[in-house]
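For reference, the structure is listed below as structure tokens.
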Amino acid sequence: MGIDPRSFVVEERLSGVARIIGVTGSKGGIGKSVIASTLALALADRCHRVGLFDLDFTSPSDHVVLGVDRSFPAEKFGIDPHQVHDIDMMSVAFFAGAAPVPLRGEATTNALLELLAITRWADQNVLILDMPPGLGDTSLDVIHLLPRLEFLLIGNGSRVVIESVRRAVRLLTELDVPLLGLLENMPRGEEGTVARLAAEFDVPFLGVVPADEGLEKALGDVEALRQSAVYGAVAALAEGLL
Ligand SMILES: Nc1ncnc2c1ncn2[C@@H]1O[C@H](COP(=O)(O)OP(=O)(O)OP(=O)(O)O)[C@@H](O)[C@H]1O
Ligand SMILES: [Mg+2]
């Protein structure tokens with residue numbers, strides 16, 4: 001991948017972006033897309049210039065959370081992200097619509113490189129990357145391609161989750177990727193488990209986003225999302241992240 005000429009264009013395309021924050025979680029279904037989208041919305045609501053890039057190519061979700069129904073972005077010397085709710089947004093969903101996107105291995109790397117190389121991000125305070133589950137192909141590729149990348153790690157105290165959160169913290173530490181902190185979403189398991197893990201690895205513990213019964217109804221409706229407990233909790237920590 002190091003000799004793919006597109007990799008040289010990537011940093012140039014992101015030169016106006018001050019911070020790049022990947023929202024990751026070692027497990028699937030832990031709330032990465034909800035947190036990434038809500039964080040982008042909360043920061044945009046607070047007048048930050050924000051980009052949101054859904055890197056879950058096979059299963060993008062941010063357009064669902066934010067209620068975005070758009071097709072091909074404008075194209076001229078590259079592709080301009082869609083502007084939605086004052087967020088600059090890019091997603092494979094804009095190209096593929098509802099069609100399946102079966103990608104694996106090299107094809108995933110190719111899709112990532114292509115999108116990073118062709119997307120013309122405007123000047124941003126922060127670009128939020130919604131990562132696919134796990135720390136596999138796409139995560140390892142963005143870590144390689146974007147040396148400025150920082151991660152926000154989502155977890156909860158369930159035994160099956162915390163085991164893989166621990167693994168993720170160790171991997172990111174070994175790869176020298178800055179970890180902004182651990183955020184607990186939809187608490188499960190023994191109370192305080194995620195906070196203790198953060199303390200053990202000397203990583204900031206960012207707080208708890210409660211399980212919100214009303215969230216499902218609010219998905220796709222940003223006004224309702226803004227009233228949700230998830231938005232309230234995420235907005236409270238959003239400013240502190242930048
Ligand atoms: N705090 C919360 N309260 C209630 N429901 C939540 C909360 N966070 C996430 N959810 C719900 O949990 C499910 C999974 O969330 P989400 O899709 O954001 O997870 P994910 O980690 O991005 O999943 P994937 O690994 O598939 O990308 C969704 O139905 C979402 O609406
Ligand atoms: Mg997701």
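Going through the structure tokens in order, the chains are called A, B, and so on, while each chain numbers its residues from 1 and the ligands are numbered from 1 in the order shown.
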
Can you pull out every residue within 7 Å of A:Ile79, counting only C-alpha atoms, but drop anything in the same chain fewer than 3 positions away, and send it as a ChimeraX atom specification?
/A:73-76,118-120

Keeping C-alpha atoms, export the residues of the selection given above as a PDB file, in the first residue's frame.
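Dumped to selection_13.pdb:
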```
ATOM      1  CA  PRO A  73     -22.295  13.996  -3.903  1.00  0.00           C
ATOM      2  CA  ALA A  74     -21.197  16.799  -6.257  1.00  0.00           C
ATOM      3  CA  GLU A  75     -18.134  15.981  -8.332  1.00  0.00           C
ATOM      4  CA  LYS A  76     -15.553  18.449  -9.623  1.00  0.00           C
ATOM      5  CA  ILE A 118     -11.015  11.885  -3.861  1.00  0.00           C
ATOM      6  CA  THR A 119     -12.942  13.563  -1.029  1.00  0.00           C
ATOM      7  CA  ARG A 120     -12.390  17.319  -0.801  1.00  0.00           C
TER       8      ARG A 120
END
```

Determine, counting only C-alpha atoms, which protein, DNA and RNA residues have an atom within 9 Å of an atom of A:Val65; residues of the same chain fewer than 5 positions away are not included. Present the result as a ChimeraX atom specification.
/A:33-34,37-38,218-222,225

Residues contacting ligand 1 - anything with an atom at most 10 Å away, using only C-alpha atoms and all ligand atoms - can you give me those as a PyMOL selection string?
chain A and resi 23-38+54-62+64-65+130-134+154-155+184-187+208-219+228-231+233-234

For A:Thr108, please output as a PDB file with all heavy atoms, in the first residue's frame all residues within 9 Å (counting only C-alpha atoms; exclusion window: fewer than 5 positions along the same chain).
```pdb
ATOM      1  N   PHE A  57     -17.871   0.465   5.451  1.00  0.00           N
ATOM      2  CA  PHE A  57     -18.293   0.375   4.052  1.00  0.00           C
ATOM      3  C   PHE A  57     -19.374  -0.664   3.827  1.00  0.00           C
ATOM      4  O   PHE A  57     -20.287  -0.474   3.041  1.00  0.00           O
ATOM      5  CB  PHE A  57     -17.086   0.041   3.157  1.00  0.00           C
ATOM      6  CG  PHE A  57     -16.010   1.077   3.203  1.00  0.00           C
ATOM      7  CD1 PHE A  57     -14.679   0.708   3.205  1.00  0.00           C
ATOM      8  CD2 PHE A  57     -16.327   2.434   3.242  1.00  0.00           C
ATOM      9  CE1 PHE A  57     -13.672   1.664   3.240  1.00  0.00           C
ATOM     10  CE2 PHE A  57     -15.337   3.391   3.286  1.00  0.00           C
ATOM     11  CZ  PHE A  57     -14.007   3.008   3.285  1.00  0.00           C
ATOM     12  N   LEU A 103     -17.308  -6.271   0.467  1.00  0.00           N
ATOM     13  CA  LEU A 103     -15.885  -5.979   0.280  1.00  0.00           C
ATOM     14  C   LEU A 103     -15.073  -6.848   1.225  1.00  0.00           C
ATOM     15  O   LEU A 103     -15.513  -7.131   2.332  1.00  0.00           O
ATOM     16  CB  LEU A 103     -15.594  -4.511   0.607  1.00  0.00           C
ATOM     17  CG  LEU A 103     -16.192  -3.438  -0.295  1.00  0.00           C
ATOM     18  CD1 LEU A 103     -15.894  -2.060   0.279  1.00  0.00           C
ATOM     19  CD2 LEU A 103     -15.648  -3.553  -1.707  1.00  0.00           C
ATOM     20  N   LEU A 113      -8.768   3.971   0.413  1.00  0.00           N
ATOM     21  CA  LEU A 113      -7.787   4.849  -0.232  1.00  0.00           C
ATOM     22  C   LEU A 113      -8.464   5.745  -1.259  1.00  0.00           C
ATOM     23  O   LEU A 113      -8.183   6.946  -1.347  1.00  0.00           O
ATOM     24  CB  LEU A 113      -6.756   3.983  -0.952  1.00  0.00           C
ATOM     25  CG  LEU A 113      -5.379   3.935  -0.347  1.00  0.00           C
ATOM     26  CD1 LEU A 113      -4.498   2.966  -1.109  1.00  0.00           C
ATOM     27  CD2 LEU A 113      -4.739   5.317  -0.316  1.00  0.00           C
ATOM     28  N   ASP A 137      -9.059  -4.766   9.063  1.00  0.00           N
ATOM     29  CA  ASP A 137      -8.535  -4.121   7.850  1.00  0.00           C
ATOM     30  C   ASP A 137      -8.601  -2.604   7.857  1.00  0.00           C
ATOM     31  O   ASP A 137      -7.580  -1.927   7.765  1.00  0.00           O
ATOM     32  CB  ASP A 137      -9.311  -4.615   6.612  1.00  0.00           C
ATOM     33  CG  ASP A 137      -8.932  -6.038   6.232  1.00  0.00           C
ATOM     34  OD1 ASP A 137      -7.896  -6.517   6.727  1.00  0.00           O
ATOM     35  OD2 ASP A 137      -9.671  -6.653   5.452  1.00  0.00           O
ATOM     36  N   THR A 138      -9.827  -2.062   7.953  1.00  0.00           N
ATOM     37  CA  THR A 138      -9.986  -0.612   7.787  1.00  0.00           C
ATOM     38  C   THR A 138      -9.282   0.142   8.902  1.00  0.00           C
ATOM     39  O   THR A 138      -8.633   1.165   8.652  1.00  0.00           O
ATOM     40  CB  THR A 138     -11.487  -0.246   7.749  1.00  0.00           C
ATOM     41  OG1 THR A 138     -12.100  -1.002   6.703  1.00  0.00           O
ATOM     42  CG2 THR A 138     -11.698   1.231   7.471  1.00  0.00           C
TER      43      THR A 138
END
```

Got a sec to tell me which of stretch 64-148 of chain A DSSP assigns to strand (DSSP E or B), as an NGL selection string?
:A and (75 or 79 or 82-84 or 87-91 or 119 or 124-130)

Write the selection just made, keeping N, CA and C atoms, as a PDB file, in the first residue's frame?
```pdb
ATOM      1  N   GLU A  75     -19.451  16.442  -7.885  1.00  0.00           N
ATOM      2  CA  GLU A  75     -18.134  15.981  -8.332  1.00  0.00           C
ATOM      3  C   GLU A  75     -17.488  17.043  -9.205  1.00  0.00           C
ATOM      4  N   ILE A  79     -14.600  14.798  -5.002  1.00  0.00           N
ATOM      5  CA  ILE A  79     -15.996  14.684  -4.553  1.00  0.00           C
ATOM      6  C   ILE A  79     -16.182  15.567  -3.325  1.00  0.00           C
ATOM      7  N   HIS A  82     -21.440  15.762   1.367  1.00  0.00           N
ATOM      8  CA  HIS A  82     -22.754  16.394   1.529  1.00  0.00           C
ATOM      9  C   HIS A  82     -22.734  17.255   2.783  1.00  0.00           C
ATOM     10  N   GLN A  83     -23.464  18.337   2.746  1.00  0.00           N
ATOM     11  CA  GLN A  83     -23.644  19.170   3.953  1.00  0.00           C
ATOM     12  C   GLN A  83     -24.975  18.786   4.579  1.00  0.00           C
ATOM     13  N   VAL A  84     -24.917  18.201   5.785  1.00  0.00           N
ATOM     14  CA  VAL A  84     -26.158  17.821   6.465  1.00  0.00           C
ATOM     15  C   VAL A  84     -26.134  18.311   7.905  1.00  0.00           C
ATOM     16  N   ILE A  87     -23.005  19.550   9.092  1.00  0.00           N
ATOM     17  CA  ILE A  87     -21.893  18.582   9.145  1.00  0.00           C
ATOM     18  C   ILE A  87     -21.518  18.249   7.696  1.00  0.00           C
ATOM     19  N   ASP A  88     -20.225  18.226   7.401  1.00  0.00           N
ATOM     20  CA  ASP A  88     -19.774  17.721   6.100  1.00  0.00           C
ATOM     21  C   ASP A  88     -19.684  16.208   6.210  1.00  0.00           C
ATOM     22  N   MET A  89     -20.423  15.526   5.378  1.00  0.00           N
ATOM     23  CA  MET A  89     -20.576  14.088   5.607  1.00  0.00           C
ATOM     24  C   MET A  89     -20.259  13.267   4.356  1.00  0.00           C
ATOM     25  N   MET A  90     -19.539  12.178   4.577  1.00  0.00           N
ATOM     26  CA  MET A  90     -19.233  11.262   3.474  1.00  0.00           C
ATOM     27  C   MET A  90     -19.525   9.834   3.918  1.00  0.00           C
ATOM     28  N   SER A  91     -20.175   9.080   3.022  1.00  0.00           N
ATOM     29  CA  SER A  91     -20.517   7.703   3.336  1.00  0.00           C
ATOM     30  C   SER A  91     -20.647   6.916   2.043  1.00  0.00           C
ATOM     31  N   THR A 119     -12.030  12.686  -1.770  1.00  0.00           N
ATOM     32  CA  THR A 119     -12.942  13.563  -1.029  1.00  0.00           C
ATOM     33  C   THR A 119     -12.265  14.885  -0.692  1.00  0.00           C
ATOM     34  N   GLN A 124     -11.764  22.066   8.656  1.00  0.00           N
ATOM     35  CA  GLN A 124     -12.575  21.535   9.763  1.00  0.00           C
ATOM     36  C   GLN A 124     -11.807  21.653  11.062  1.00  0.00           C
ATOM     37  N   ASN A 125     -12.535  21.858  12.172  1.00  0.00           N
ATOM     38  CA  ASN A 125     -11.912  21.712  13.489  1.00  0.00           C
ATOM     39  C   ASN A 125     -11.655  20.237  13.765  1.00  0.00           C
ATOM     40  N   VAL A 126     -12.591  19.427  13.310  1.00  0.00           N
ATOM     41  CA  VAL A 126     -12.448  17.982  13.574  1.00  0.00           C
ATOM     42  C   VAL A 126     -13.173  17.161  12.512  1.00  0.00           C
ATOM     43  N   LEU A 127     -12.519  16.085  12.121  1.00  0.00           N
ATOM     44  CA  LEU A 127     -13.152  15.094  11.251  1.00  0.00           C
ATOM     45  C   LEU A 127     -13.339  13.830  12.086  1.00  0.00           C
ATOM     46  N   ILE A 128     -14.590  13.394  12.179  1.00  0.00           N
ATOM     47  CA  ILE A 128     -14.894  12.204  12.977  1.00  0.00           C
ATOM     48  C   ILE A 128     -15.034  11.007  12.040  1.00  0.00           C
ATOM     49  N   LEU A 129     -14.328   9.957  12.350  1.00  0.00           N
ATOM     50  CA  LEU A 129     -14.405   8.740  11.551  1.00  0.00           C
ATOM     51  C   LEU A 129     -15.200   7.696  12.314  1.00  0.00           C
ATOM     52  N   ASP A 130     -16.296   7.247  11.742  1.00  0.00           N
ATOM     53  CA  ASP A 130     -17.055   6.159  12.357  1.00  0.00           C
ATOM     54  C   ASP A 130     -16.449   4.854  11.849  1.00  0.00           C
TER      55      ASP A 130
END
```

Excluding A:Ala235 and residues on its chain fewer than 3 positions from it, collect all residues at most 7 Å away from it, counting only C-alpha atoms, and give them as a list in words.
Leu39, Ala42, Tyr231, Gly232 and Ala238 of chain A

Running DSSP on the backbone, which parts of stretch 39-99 of chain A land in alpha helix (DSSP H), as a ChimeraX atom specification?
/A:39-45,62-65,93-96

Can you write just those residues out, all heavy atoms, as a compact mmCIF listing (two decimals), in the first residue's frame?
```txt
# COMPACT_ATOMS: atom_id res chain seq x y z
N LEU A 39 -22.01 12.89 18.25
CA LEU A 39 -20.88 13.76 18.57
C LEU A 39 -20.70 14.81 17.47
O LEU A 39 -20.50 16.01 17.75
CB LEU A 39 -19.61 12.92 18.72
CG LEU A 39 -18.32 13.63 19.07
CD1 LEU A 39 -18.43 14.37 20.40
CD2 LEU A 39 -17.15 12.64 19.13
N ALA A 40 -20.80 14.38 16.22
CA ALA A 40 -20.68 15.33 15.10
C ALA A 40 -21.79 16.38 15.19
O ALA A 40 -21.55 17.59 15.04
CB ALA A 40 -20.76 14.58 13.77
N LEU A 41 -23.01 15.93 15.48
CA LEU A 41 -24.14 16.85 15.57
C LEU A 41 -23.96 17.83 16.73
O LEU A 41 -24.15 19.04 16.57
CB LEU A 41 -25.43 16.04 15.76
CG LEU A 41 -26.74 16.83 15.77
CD1 LEU A 41 -27.00 17.48 14.41
CD2 LEU A 41 -27.93 15.92 16.15
N ALA A 42 -23.54 17.30 17.88
CA ALA A 42 -23.37 18.16 19.06
C ALA A 42 -22.29 19.21 18.82
O ALA A 42 -22.43 20.37 19.22
CB ALA A 42 -23.03 17.30 20.28
N LEU A 43 -21.20 18.81 18.17
CA LEU A 43 -20.11 19.77 17.90
C LEU A 43 -20.56 20.81 16.87
O LEU A 43 -20.26 21.99 17.00
CB LEU A 43 -18.86 19.03 17.43
CG LEU A 43 -18.10 18.26 18.52
CD1 LEU A 43 -17.06 17.34 17.91
CD2 LEU A 43 -17.44 19.22 19.51
N ALA A 44 -21.28 20.36 15.84
CA ALA A 44 -21.78 21.31 14.83
C ALA A 44 -22.76 22.28 15.47
O ALA A 44 -22.75 23.48 15.17
CB ALA A 44 -22.44 20.55 13.68
N ASP A 45 -23.60 21.77 16.38
CA ASP A 45 -24.56 22.63 17.09
C ASP A 45 -23.84 23.68 17.92
O ASP A 45 -24.41 24.72 18.26
CB ASP A 45 -25.46 21.80 18.01
CG ASP A 45 -26.50 20.99 17.23
OD1 ASP A 45 -26.67 21.26 16.03
OD2 ASP A 45 -27.11 20.08 17.82
N ASP A 62 -24.42 6.00 9.70
CA ASP A 62 -24.55 7.39 10.15
C ASP A 62 -25.67 8.14 9.43
O ASP A 62 -26.34 8.99 10.02
CB ASP A 62 -23.21 8.13 9.95
CG ASP A 62 -22.10 7.53 10.80
OD1 ASP A 62 -22.42 6.75 11.70
OD2 ASP A 62 -20.93 7.84 10.54
N HIS A 63 -25.88 7.81 8.15
CA HIS A 63 -26.97 8.46 7.41
C HIS A 63 -28.33 8.09 8.00
O HIS A 63 -29.27 8.87 7.93
CB HIS A 63 -26.90 8.12 5.92
CG HIS A 63 -27.09 6.66 5.62
ND1 HIS A 63 -26.20 5.68 6.03
CD2 HIS A 63 -28.10 6.00 5.01
CE1 HIS A 63 -26.63 4.50 5.65
NE2 HIS A 63 -27.80 4.67 5.04
N VAL A 64 -28.41 6.91 8.59
CA VAL A 64 -29.67 6.49 9.22
C VAL A 64 -29.87 7.27 10.52
O VAL A 64 -30.95 7.82 10.78
CB VAL A 64 -29.67 4.97 9.51
CG1 VAL A 64 -30.97 4.55 10.18
CG2 VAL A 64 -29.44 4.17 8.24
N VAL A 65 -28.81 7.35 11.32
CA VAL A 65 -28.92 8.06 12.60
C VAL A 65 -29.30 9.52 12.37
O VAL A 65 -30.16 10.08 13.07
CB VAL A 65 -27.58 7.99 13.38
CG1 VAL A 65 -27.68 8.75 14.69
CG2 VAL A 65 -27.19 6.54 13.65
N ALA A 93 -22.82 4.94 1.60
CA ALA A 93 -24.26 4.88 1.36
C ALA A 93 -24.69 5.89 0.29
O ALA A 93 -25.68 5.66 -0.41
CB ALA A 93 -25.02 5.16 2.66
N PHE A 94 -23.93 6.98 0.11
CA PHE A 94 -24.28 7.96 -0.91
C PHE A 94 -24.05 7.42 -2.32
O PHE A 94 -24.61 7.91 -3.28
CB PHE A 94 -23.46 9.25 -0.75
CG PHE A 94 -23.66 9.95 0.58
CD1 PHE A 94 -22.66 10.71 1.12
CD2 PHE A 94 -24.86 9.84 1.26
CE1 PHE A 94 -22.84 11.36 2.34
CE2 PHE A 94 -25.06 10.47 2.46
CZ PHE A 94 -24.04 11.24 3.01
N PHE A 95 -23.19 6.43 -2.41
CA PHE A 95 -22.89 5.85 -3.72
C PHE A 95 -23.68 4.57 -3.95
O PHE A 95 -24.17 4.31 -5.03
CB PHE A 95 -21.39 5.53 -3.84
CG PHE A 95 -20.51 6.73 -3.59
CD1 PHE A 95 -19.99 6.99 -2.33
CD2 PHE A 95 -20.24 7.63 -4.61
CE1 PHE A 95 -19.20 8.09 -2.10
CE2 PHE A 95 -19.46 8.75 -4.39
CZ PHE A 95 -18.94 8.99 -3.13
N ALA A 96 -23.77 3.76 -2.89
CA ALA A 96 -24.36 2.42 -3.05
C ALA A 96 -25.86 2.39 -2.77
O ALA A 96 -26.53 1.43 -3.12
CB ALA A 96 -23.65 1.44 -2.11
```

Between A:Leu52, A:Leu171, A:Leu237, A:Ala99, which is the closest to A:Ser139 once you count only C-alpha atoms?
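Going through A:Leu52, A:Leu171, A:Leu237, A:Ala99 one by one, the smallest distance to A:Ser139 is for A:Leu171.
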
Considering only C-alpha atoms, state which residue in the set A:Asn110, A:Leu183, A:Glu12, A:Ile20 is at the smallest distance from A:Glu150.
A:Ile20

Mind checking which residues fall within 6 Å of stretch 188-198 of chain A, counting only C-alpha atoms, ignoring those fewer than 2 positions away in the same chain, and posting them as a count of residues only?
8

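Comparing the minimum interatomic distances between A:Leu112 and each of A:Val10, A:Glu163, A:Gly22, A:Leu135, counting only C-alpha atoms, we find that A:Val10 sits nearest.
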
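With only C-alpha atoms and all ligand atoms as the atoms that count, the residue of A:Phe72, A:Phe151, A:Phe8, A:Phe53 with the shortest distance to ligand 2 is A:Phe53.
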
Can you measure atom CA of A:Leu14 to atom CA of A:Arg46 for me? One decimal in Å is fine.
22.0 Å
